[in-house]
Amino acid sequence: MSDHIATDLLPSATPVRYLAEDGTTVDGPAGYPRPSTEELREAHRRMVVGRRFDAQATALTKQGRLAVYPSSHGQEACQIAAAMVLREDDWLFPTYRDTMAMVTRGLDPVEALGLLRGDAHCGYDPNATRTAPQCTPLSTQTLHATGLAYALRRKGTDSAVLALIGDGATSEGDFHEALNFAAVFEAPVVFLVQNNGFAISVPLEKQTKAPSLAYKGVGYGVRSEQVDGNDPVAMLAVLHKAFEHARAGAPFLVEAHTYRIEAHTNADDATRYRNSDEVDRWLDADPLARLEKHLRTLGALTDEDVAAAQADGERLAADLRSRMNADPHLDPMTLFDHVYARPTTQLVEQRDLLATELKAQEG
Amino acid sequence: MSDHIATDLLPSATPVRYLAEDGTTVDGPAGYPRPSTEELREAHRRMVVGRRFDAQATALTKQGRLAVYPSSHGQEACQIAAAMVLREDDWLFPTYRDTMAMVTRGLDPVEALGLLRGDAHCGYDPNATRTAPQCTPLSTQTLHATGLAYALRRKGTDSAVLALIGDGATSEGDFHEALNFAAVFEAPVVFLVQNNGFAISVPLEKQTKAPSLAYKGVGYGVRSEQVDGNDPVAMLAVLHKAFEHARAGAPFLVEAHTYRIEAHTNADDATRYRNSDEVDRWLDADPLARLEKHLRTLGALTDEDVAAAQADGERLAADLRSRMNADPHLDPMTLFDHVYARPTTQLVEQRDLLATELKAQEG
Amino acid sequence: MAATTMAQALNRALRDSMTADERVLVFGEDVGQLGGVFRITDGLTRDFGEDRCFDTPLAEAGIVGFALGMAMGGFKPVVEMQFDAFAYPAFEQITSHVAKMRNRTRGHLTVPMVIRVPYAGGIGGVEHHCDSSEAYYVHTPGLKVVTPATVNDAYTLLREAIDDPDPVIFMEPKKLYWSKEDIELRHIDEPLGHAAVRRHGKDATLIAYGPSVPVALQAAEAAAEEGVDLEVIDLRSLVPFDDDTVMRSVRRTGRCVVVQEASGFAGFGAEIVARIQERCFHSLAAPVIRVAGFDIPYPPPMLEHSHLPSVDRVLDAVDRLQFTDEPDHRYLTGAHS
Amino acid sequence: MAATTMAQALNRALRDSMTADERVLVFGEDVGQLGGVFRITDGLTRDFGEDRCFDTPLAEAGIVGFALGMAMGGFKPVVEMQFDAFAYPAFEQITSHVAKMRNRTRGHLTVPMVIRVPYAGGIGGVEHHCDSSEAYYVHTPGLKVVTPATVNDAYTLLREAIDDPDPVIFMEPKKLYWSKEDIELRHIDEPLGHAAVRRHGKDATLIAYGPSVPVALQAAEAAAEEGVDLEVIDLRSLVPFDDDTVMRSVRRTGRCVVVQEASGFAGFGAEIVARIQERCFHSLAAPVIRVAGFDIPYPPPMLEHSHLPSVDRVLDAVDRLQFTDEPDHRYLTGAHS
Ligand SMILES: Cc1ncc(C[n+]2csc(CCOP(=O)(O)OP(=O)(O)O)c2C)c(N)n1
Ligand SMILES: Cc1ncc(C[n+]2csc(CCOP(=O)(O)OP(=O)(O)O)c2C)c(N)n1
Ligand SMILES: [Mg+2]
Ligand SMILES: [Mg+2]
């Protein structure tokens, strides 16, 4: 209950940053492991590919190939860092907005898009990919992440869990309960809040009067930090540190200050609630451009490197395009699968009804 | 987002205290209005009466006159201060444990005990008494309090609201949502957490890893303080200040460190989860004894004053005893009243069914 | 006269209620500047000011609990839950407090508030965006539950719901938001609780509500072509339930099909069937048959059409109403007897 | 052999399951040191250690969501909700996640967990402590819902629920916790989903579950004295529902009364009635009648006896099963026709 403990838990007064918006280095706080140049080169490549993926998914949505797509354009530093700090045995709990992080993690892009395409609730195998289904009920996944993290610890592993959540979703009660459970049970979980300024149309200042969302940690005894979410160097540094803590049984809360460049989803009209000046200002803080400049200054990135990354992106996009342009074959009879391990007699009756209907339609 | 703002919101590093356990004054922090001796004398009288009320309710429960009774013995400084800082036009949102505060506020003791006696869900008129029904679903009332506080502000009054809540209940999501709504809507509400060490059997250290519950405020931009909940001087001082803030549109969170001397309710067996040493230690910190010593040292309390207070308590207890010893007359036909403003045809049918049954039983 | 959509009718109802009674406030997630994700609150903040229509933090229990407090303070909140499944975080506030406050306080504290819930499917929404959640609310005493199926009902029922002295769960069938009618919106001043006979018929009664009403009507048109004359009842108000209209019809036709989009098992349709057989037993020439969503989680968009009660499925059920002497073997198989 | 209470049987089931399978964990509010407010988890922490049975922070959504995560991680959580109405904060976690996880992930993630819910009244509890909340769960596909009425069923159903590969809402009738039987607890190894015929009879079938089973049995004994021979079915499992046992009985007796403590309107009894008339229409000699709690918030302790379905109320309903030729005018009044 001492002052000291409380101070330890508080975030830095301003977001951790190592790269200025123009890509030059600035003096960030000590105590965070600086990512290696190799790691930053890899981050750059993945950001190029990730952004290309996002653009392709947006395009496919316009063509009617996805039911809905929430873009993470502008949040690439968060998305890529999230995927890169995870070991293969760690778990990721993504929301609907985090498909880029999932693809970066290595999920098959078509499988990753199952929910948003509309052919499945979850197109991939969560166990095989160590990636929970994308969650739409806001903030509920933070509790699942906490429970799973505790399970991993109980099983004697040092695997950890990353729960992604948006700024708006931090207002839900489940987030509060997750932070509390994580602390009480010393669950190896990192909560990464991607504060992209909006919950659909609602700006952060209507969402909270907190000095910053990272200040929510102290009320649970959870260590926290705020970070420039468009600075890939800072994102990697802080998340690495957060995982170190988490693996030692101390959950960690990270708030990344970033911005959603596109509308909430393709169905949203952002001009109703914000003006393009604001978007332009944030485009100047673009995380990819920032990292590219930084690496070039270091002499660690050549035109060929950039071209190679772009080619990777094009390959992924082309593959995605062609595979998504076929209509998936879906069997309505699967509706009755997996409601229970074995269907109840009621479900068997209903399945028979549907089978009869389908036969009648064919015949 | 500056450090300064965050620091302003944080509570003192240790609980605010003006009276030591032996009743001598200690150096508390500046910045809180010290209650007048007159106010302290009144607090003393009310604590004597309140404690007597609590003992009588416990006795009535043993005699089967109450369905259940959660005692607030040991929490008198909180209960009395809560009632005393409220103006008549302010609202109180009590839990099941706060009957003493309600009676101190002036509610008729028999009406106040309606819920716990079992003849009503709420035995008093909340509008007339400006006291919400005692709430059993934990922490839900903090949202109602916030909404009502905002309504009062919207109506142009400077009335404020006090929401009482226990330490355990702070873990519920609704508490988090209430703090957030209160801050965002600048609702004139004070949240008083009576941290009595236990949620039934669960001690605080299993409930939270927060440095103290008061540290939950900063994450919402809500000013907070922690206070020695067995120090009536500190309780009054901090709550007065909290109300000043609240009336100005800045909600306030107060954590009072106190202790539940009795079991959770008469139905609970506290020996299963704590030992009597702990209880004894807290009996040494008794808020009533502390205030009595302090006032006597000041020369502001005589034997006659104490006797008069005790006589007030006995009068209240006697009245309560005699009125509670009669079985209340309850008409089962009232079951259908107040489900809706006008009963549905379905309810009319059901009422007729019951009427027929009752007639058959009589005949 | 210009065609009006259900979305526009709801917007007009909010406007007219806000104009008529300054205690009426509209709030929820994205209802302000954006006008709601379905634009039901379009322009309200602009036209009535931020005091009357405003965004809240993203927390449904918070919204409902806060609204209840405001209702205690004399306001009439109309809150929006963004989608059906996103009202579940508010479930405790709704069932333990909103529904019970009048009863708990013996009429001293009343909660004249409306909780708007866009519900049901048919719009290609992903999981958790298409639940038919009415059964949870209708079983909770103290709540009224209303759902419009026509443009004018959307207007008039919402106005009545806002005027009602009790809390109303106002369930808006999402797929009908863009349905149009060429009408002048009229406020028909009658308390909630009346069903409407949408089509008169003599051979059997179809009972439906919300998103299933157009399905029932289409089925009736199709049946008419085959010489079967179906009556179609649109319940409009699930609580209070209009026994009178329903029983009168079924006693006359002697046959009945209940259509609902929600999963059938223990859905609201079960209550309708139970009441009918309790009250019209000797008038029934055949069992009352339910056509409902399957007992499965709402499917992904590409499969929802197989789940939703279709016109064909309703006609199939009508066929099973034993107009002839052939026994219905369908249920006998399951029961092994 | 010593008499065993239902509370003890539940405790034994937890112990035996924890011994049989070390993945079984018990947690919730006050379940550790205290052994739960009803002592169902008495001694588990002492005997199995804090790793196997432990207290959590006070947050029901937290408990259920955390348990779901643990189930993803290979554990089998058995969590306690302290009282019926205090499961409502977890409603979103239960309906949107626990119920759906298997289906959402096409069988990849399963949630073999048990949510224990002490429910219903008759114990003089204050408001919010006596809800009969089963209707909310039975309507949610993906959940199994089970409720014991006897001491041995408490034991065997809880063991089956824990062994079940799917999430089970295990509803414990509070007022039967102290009911006693002189029996040796036996684990009958059969999957959930079977009703039990508690009394054989030929004149009519009483269908009940949980707290209403003893009421139905007492009514049957009383009726026997008047020469009416009632069959009593204890459903035990609400989901899956045992159509076979129910329909077989009603086809034979031709008359049926459904008893439930929950408010009648859109309660689980409605589903039972709807199914029976769908499947046994031509066997029915009279409408199936429901005896249920009134459609009101659960009353304060001193009035609960007037609300709860009593033996008399059940006998009254049996009387209305048209054994003679007198018409039942009760329902005709309401319908004005
Ligand atoms: C419980 C719940 N309430 C409401 C919604 C509807 N909804 C979907 S996304 C969204 C905004 C979320 O904002 P934020 O958490 O900041 O995440 P972002 O979309 O910006 O990534 C809302 C309100 C939901 N999905 N779940
Ligand atoms: C939502 C909810 N969950 C559980 C309970 C059961 N319950 C009643 S009191 C209590 C402990 C509350 O502890 P605390 O908040 O510290 O208050 P105290 O009783 O100590 O005053 C619990 C778990 C409840 N009433 N409401
Ligand atoms: Mg956001
Ligand atoms: Mg406590």
# chains A, B, ... in the order shown; residues from 1 in each chain; ligands from 1
call {"tool": "interface_residues", "arguments": {"of": "chain B", "to": "chain C", "cutoff": "10 Å", "atoms": "only C-alpha atoms", "output": "MDAnalysis selection string"}}
result
chainID B and resid 115 120:128 132:133 135:137 140:155 173:182 184:185 334:347
call {"tool": "residues_around", "arguments": {"residues": "Gly217 in chain A", "least_positions_apart": "4", "cutoff": "8 Å", "atoms": "only C-alpha atoms", "output": "CSV table (one decimal) with C-alpha atoms, in the first residue's frame"}}
result
chain,number,residue,atom,x,y,z
A,9,LEU,CA,2.6,0.5,-11.6
A,10,LEU,CA,2.0,3.8,-13.3
A,179,LEU,CA,-7.5,-6.9,-15.4
A,221,GLY,CA,-2.1,-3.6,-9.4
A,222,VAL,CA,-1.3,-4.2,-13.0
A,223,ARG,CA,1.8,-2.6,-14.4
A,224,SER,CA,1.2,-0.4,-17.4
A,252,PHE,CA,0.8,-6.0,-18.2
A,253,LEU,CA,-1.3,-3.3,-19.8
B,219,GLY,CA,-8.2,5.2,-14.5
call {"tool": "interface_residues", "arguments": {"of": "chain B", "to": "chain A", "cutoff": "7 Å", "atoms": "only C-alpha atoms", "output": "list of chain:residue names"}}
result
B:Met1, B:Ser2, B:Asp3, B:Ile5, B:Ala6, B:Ala13, B:Ser171, B:Glu172, B:Gly173, B:Asp174, B:His176, B:Glu177, B:Asn180, B:Ala183, B:Val184, B:Lys206, B:Thr208, B:Lys209, B:Ala210, B:Pro211, B:Ser212, B:Leu213, B:Tyr215, B:Lys216, B:Val218, B:Gly219, B:Tyr220, B:Gly221
call {"tool": "closest_residue", "arguments": {"among": "B:Ala67, B:Leu239, B:Met102, B:Val193", "to": "ligand 2", "atoms": "only C-alpha atoms and all ligand atoms"}}
result
B:Val193
call {"tool": "interface_residues", "arguments": {"of": "chain C", "to": "chain D", "cutoff": "7 Å", "atoms": "only C-alpha atoms", "output": "PyMOL selection string"}}
result
chain C and resi 88-89+91-92+96+100+128+136+138-139+141+243-244+247-248+265-268+270-271+273-274+277-279+281+287-289+295-297+331+335-337
call {"tool": "residues_around", "arguments": {"residues": "Asn325 in chain B", "least_positions_apart": "6", "cutoff": "12 Å", "atoms": "only C-alpha atoms", "output": "ChimeraX atom specification"}}
result
/B:57,59-61,63-66,110,117,317-319
call {"tool": "residues_near_ligand", "arguments": {"ligand": "ligand 4", "cutoff": "6 Å", "atoms": "only C-alpha atoms and all ligand atoms", "output": "VMD selection string"}}
result
chain B and resid 166 to 168 195 to 199
call {"tool": "residues_around", "arguments": {"residues": "Pro301 in chain D", "least_positions_apart": "3", "cutoff": "7 Å", "atoms": "only C-alpha atoms", "output": "JSON, numbers by chain"}}
result
{"B": [118, 119], "D": [124, 125, 126, 304]}
call {"tool": "select_by_dssp", "arguments": {"residues": "range 70-316 of chain C", "states": "strand (DSSP E)", "output": "CSV table (one decimal) with C-alpha atoms, in the first residue's frame"}}
result
chain,number,residue,atom,x,y,z
C,76,LYS,CA,-37.7,9.5,-20.0
C,77,PRO,CA,-34.7,7.8,-21.5
C,78,VAL,CA,-34.9,6.1,-24.8
C,79,VAL,CA,-31.7,4.1,-25.1
C,80,GLU,CA,-30.3,2.1,-28.1
C,114,VAL,CA,-37.6,2.4,-23.7
C,115,ILE,CA,-34.7,0.1,-24.6
C,116,ARG,CA,-34.5,-0.1,-28.4
C,117,VAL,CA,-33.0,-3.4,-29.6
C,118,PRO,CA,-32.4,-4.0,-33.3
C,119,TYR,CA,-32.9,-7.7,-33.6
C,144,LYS,CA,-43.3,-4.8,-21.8
C,145,VAL,CA,-42.1,-6.1,-25.1
C,146,VAL,CA,-43.2,-4.7,-28.4
C,168,VAL,CA,-40.6,-1.2,-22.8
C,169,ILE,CA,-38.2,-3.4,-24.7
C,170,PHE,CA,-38.7,-2.2,-28.2
C,171,MET,CA,-37.5,-4.8,-30.6
C,172,GLU,CA,-36.8,-3.5,-34.1
C,173,PRO,CA,-36.6,-6.1,-36.9
C,180,LYS,CA,-41.2,1.0,-47.4
C,181,GLU,CA,-44.8,2.1,-47.3
C,196,ALA,CA,-53.6,-6.6,-35.6
C,197,VAL,CA,-55.3,-8.9,-38.1
C,198,ARG,CA,-53.3,-8.2,-41.2
C,199,ARG,CA,-55.4,-10.5,-43.4
C,204,ALA,CA,-56.4,-21.4,-40.6
C,205,THR,CA,-54.7,-18.7,-38.6
C,206,LEU,CA,-51.0,-17.7,-39.0
C,207,ILE,CA,-49.6,-15.9,-36.0
C,208,ALA,CA,-46.4,-13.9,-36.4
C,230,LEU,CA,-55.4,-17.9,-44.2
C,231,GLU,CA,-55.9,-15.3,-41.6
C,232,VAL,CA,-52.7,-13.5,-40.5
C,233,ILE,CA,-52.2,-12.0,-37.1
C,234,ASP,CA,-49.4,-9.6,-36.3
C,237,SER,CA,-47.2,-6.5,-28.5
C,238,LEU,CA,-45.7,-9.7,-27.0
C,239,VAL,CA,-46.2,-8.4,-23.5
C,256,CYS,CA,-53.1,-22.4,-36.4
C,257,VAL,CA,-49.4,-22.0,-37.4
C,258,VAL,CA,-47.1,-19.9,-35.3
C,259,VAL,CA,-44.1,-18.4,-37.1
C,260,GLN,CA,-41.1,-17.0,-35.4
C,261,GLU,CA,-37.5,-16.4,-36.5
C,262,ALA,CA,-36.0,-17.2,-33.0
C,263,SER,CA,-34.9,-20.7,-32.3
C,289,ILE,CA,-47.7,-26.1,-35.4
C,290,ARG,CA,-44.6,-23.9,-35.0
C,291,VAL,CA,-42.3,-22.8,-37.7
C,292,ALA,CA,-39.2,-21.4,-36.1
C,293,GLY,CA,-35.5,-21.0,-36.5
call {"tool": "select_by_dssp", "arguments": {"residues": "range 243-335 of chain A", "states": "alpha helix (DSSP H)", "output": "number ranges by chain"}}
result
A: 243-247, 276-283, 287-297, 303-324
call {"tool": "residues_around", "arguments": {"residues": "Arg247 in chain B", "least_positions_apart": "3", "cutoff": "12 Å", "atoms": "only C-alpha atoms", "output": "JSON, numbers by chain"}}
result
{"B": [86, 87, 90, 149, 150, 152, 153, 156, 157, 158, 159, 160, 161, 162, 186, 187, 188, 189, 190, 240, 241, 242, 243, 244, 250, 251, 252]}
call {"tool": "write_last_selection", "arguments": {"atoms": "N, CA and C atoms", "output": "PDB file, in the first residue's frame"}}
result
ATOM      1  N   LEU B  86     -24.915  14.272   4.078  1.00  0.00           N
ATOM      2  CA  LEU B  86     -25.978  14.454   3.083  1.00  0.00           C
ATOM      3  C   LEU B  86     -26.926  15.574   3.484  1.00  0.00           C
ATOM      4  N   ARG B  87     -27.240  16.429   2.538  1.00  0.00           N
ATOM      5  CA  ARG B  87     -28.322  17.381   2.748  1.00  0.00           C
ATOM      6  C   ARG B  87     -29.639  16.653   2.505  1.00  0.00           C
ATOM      7  N   ASP B  90     -30.186  15.686  -1.017  1.00  0.00           N
ATOM      8  CA  ASP B  90     -29.261  14.726  -1.620  1.00  0.00           C
ATOM      9  C   ASP B  90     -29.852  13.318  -1.566  1.00  0.00           C
ATOM     10  N   ALA B 149     -27.670  11.237 -10.303  1.00  0.00           N
ATOM     11  CA  ALA B 149     -26.854  12.425 -10.061  1.00  0.00           C
ATOM     12  C   ALA B 149     -26.832  13.318 -11.296  1.00  0.00           C
ATOM     13  N   TYR B 150     -26.675  12.678 -12.442  1.00  0.00           N
ATOM     14  CA  TYR B 150     -26.665  13.451 -13.680  1.00  0.00           C
ATOM     15  C   TYR B 150     -28.032  14.124 -13.887  1.00  0.00           C
ATOM     16  N   LEU B 152     -30.075  15.105 -11.616  1.00  0.00           N
ATOM     17  CA  LEU B 152     -30.176  16.243 -10.697  1.00  0.00           C
ATOM     18  C   LEU B 152     -29.439  17.449 -11.263  1.00  0.00           C
ATOM     19  N   ARG B 153     -28.266  17.199 -11.825  1.00  0.00           N
ATOM     20  CA  ARG B 153     -27.501  18.296 -12.414  1.00  0.00           C
ATOM     21  C   ARG B 153     -28.238  18.884 -13.614  1.00  0.00           C
ATOM     22  N   GLY B 156     -30.714  21.369 -12.944  1.00  0.00           N
ATOM     23  CA  GLY B 156     -30.251  22.662 -12.467  1.00  0.00           C
ATOM     24  C   GLY B 156     -30.117  22.768 -10.955  1.00  0.00           C
ATOM     25  N   THR B 157     -30.234  21.660 -10.247  1.00  0.00           N
ATOM     26  CA  THR B 157     -30.060  21.709  -8.799  1.00  0.00           C
ATOM     27  C   THR B 157     -28.582  21.530  -8.475  1.00  0.00           C
ATOM     28  N   ASP B 158     -28.203  21.756  -7.221  1.00  0.00           N
ATOM     29  CA  ASP B 158     -26.845  21.396  -6.816  1.00  0.00           C
ATOM     30  C   ASP B 158     -26.882  20.233  -5.814  1.00  0.00           C
ATOM     31  N   SER B 159     -27.936  19.436  -5.902  1.00  0.00           N
ATOM     32  CA  SER B 159     -28.006  18.240  -5.065  1.00  0.00           C
ATOM     33  C   SER B 159     -26.968  17.234  -5.549  1.00  0.00           C
ATOM     34  N   ALA B 160     -26.564  16.375  -4.643  1.00  0.00           N
ATOM     35  CA  ALA B 160     -25.587  15.357  -4.994  1.00  0.00           C
ATOM     36  C   ALA B 160     -26.042  14.001  -4.474  1.00  0.00           C
ATOM     37  N   VAL B 161     -25.293  12.986  -4.838  1.00  0.00           N
ATOM     38  CA  VAL B 161     -25.696  11.611  -4.554  1.00  0.00           C
ATOM     39  C   VAL B 161     -24.538  10.864  -3.903  1.00  0.00           C
ATOM     40  N   LEU B 162     -24.867  10.046  -2.933  1.00  0.00           N
ATOM     41  CA  LEU B 162     -23.852   9.195  -2.310  1.00  0.00           C
ATOM     42  C   LEU B 162     -24.186   7.733  -2.599  1.00  0.00           C
ATOM     43  N   GLU B 186     -19.804  14.113 -15.774  1.00  0.00           N
ATOM     44  CA  GLU B 186     -19.614  15.070 -14.677  1.00  0.00           C
ATOM     45  C   GLU B 186     -20.776  15.010 -13.685  1.00  0.00           C
ATOM     46  N   ALA B 187     -21.070  13.815 -13.287  1.00  0.00           N
ATOM     47  CA  ALA B 187     -22.207  13.602 -12.394  1.00  0.00           C
ATOM     48  C   ALA B 187     -21.812  13.899 -10.953  1.00  0.00           C
ATOM     49  N   PRO B 188     -22.659  14.630 -10.234  1.00  0.00           N
ATOM     50  CA  PRO B 188     -22.362  14.961  -8.830  1.00  0.00           C
ATOM     51  C   PRO B 188     -22.606  13.752  -7.918  1.00  0.00           C
ATOM     52  N   VAL B 189     -21.679  12.830  -7.951  1.00  0.00           N
ATOM     53  CA  VAL B 189     -21.854  11.607  -7.174  1.00  0.00           C
ATOM     54  C   VAL B 189     -20.559  11.291  -6.432  1.00  0.00           C
ATOM     55  N   VAL B 190     -20.711  10.838  -5.214  1.00  0.00           N
ATOM     56  CA  VAL B 190     -19.574  10.357  -4.419  1.00  0.00           C
ATOM     57  C   VAL B 190     -19.743   8.857  -4.230  1.00  0.00           C
ATOM     58  N   HIS B 240     -16.949  15.475   3.397  1.00  0.00           N
ATOM     59  CA  HIS B 240     -17.360  16.859   3.115  1.00  0.00           C
ATOM     60  C   HIS B 240     -16.641  17.385   1.877  1.00  0.00           C
ATOM     61  N   LYS B 241     -15.364  17.123   1.834  1.00  0.00           N
ATOM     62  CA  LYS B 241     -14.562  17.577   0.688  1.00  0.00           C
ATOM     63  C   LYS B 241     -15.048  16.887  -0.594  1.00  0.00           C
ATOM     64  N   ALA B 242     -15.299  15.618  -0.481  1.00  0.00           N
ATOM     65  CA  ALA B 242     -15.758  14.866  -1.655  1.00  0.00           C
ATOM     66  C   ALA B 242     -17.059  15.455  -2.197  1.00  0.00           C
ATOM     67  N   PHE B 243     -17.949  15.821  -1.287  1.00  0.00           N
ATOM     68  CA  PHE B 243     -19.211  16.415  -1.733  1.00  0.00           C
ATOM     69  C   PHE B 243     -19.022  17.784  -2.362  1.00  0.00           C
ATOM     70  N   GLU B 244     -18.069  18.531  -1.832  1.00  0.00           N
ATOM     71  CA  GLU B 244     -17.754  19.820  -2.458  1.00  0.00           C
ATOM     72  C   GLU B 244     -17.380  19.614  -3.924  1.00  0.00           C
ATOM     73  N   ALA B 250     -17.497  17.147 -10.229  1.00  0.00           N
ATOM     74  CA  ALA B 250     -16.359  16.233 -10.261  1.00  0.00           C
ATOM     75  C   ALA B 250     -16.630  15.068  -9.311  1.00  0.00           C
ATOM     76  N   PRO B 251     -17.014  13.930  -9.862  1.00  0.00           N
ATOM     77  CA  PRO B 251     -17.297  12.774  -9.003  1.00  0.00           C
ATOM     78  C   PRO B 251     -16.073  12.412  -8.188  1.00  0.00           C
ATOM     79  N   PHE B 252     -16.294  11.725  -7.095  1.00  0.00           N
ATOM     80  CA  PHE B 252     -15.210  11.482  -6.143  1.00  0.00           C
ATOM     81  C   PHE B 252     -15.329  10.066  -5.603  1.00  0.00           C
TER      82      PHE B 252
END
call {"tool": "residues_around", "arguments": {"residues": "Tyr209 in chain D", "least_positions_apart": "3", "cutoff": "6 Å", "atoms": "only C-alpha atoms", "output": "ChimeraX atom specification"}}
result
/D:212-213,234-235
call {"tool": "residues_around", "arguments": {"residues": "Asp305 in chain A", "least_positions_apart": "3", "cutoff": "12 Å", "atoms": "only C-alpha atoms", "output": "list in words"}}
result
Arg41, Glu42, His44, Arg45, Arg46, Val48, Glu292, Leu295, Arg296, Gly299, Ala300, Leu301, Thr302, Ala308, Ala309, Gln310, Ala311 and Asp312 of chain A
call {"tool": "closest_residue", "arguments": {"among": "A:Val68, A:Ala248, A:Ala81, A:Ile165", "to": "ligand 1", "atoms": "only C-alpha atoms and all ligand atoms"}}
result
A:Ile165
call {"tool": "closest_residue", "arguments": {"among": "D:Ser283, D:Gln82, D:Thr5, D:Thr324", "to": "ligand 2", "atoms": "only C-alpha atoms and all ligand atoms"}}
result
D:Gln82
call {"tool": "atom_distance", "arguments": {"atom1": "CA of Pro29 in chain A", "atom2": "CA of Val16 in chain A"}}
result
6.8 Å
call {"tool": "closest_residue", "arguments": {"among": "A:Ala234, A:Thr37, A:Arg272, A:Thr95", "to": "Arg46 in chain C", "atoms": "only C-alpha atoms"}}
result
A:Arg272
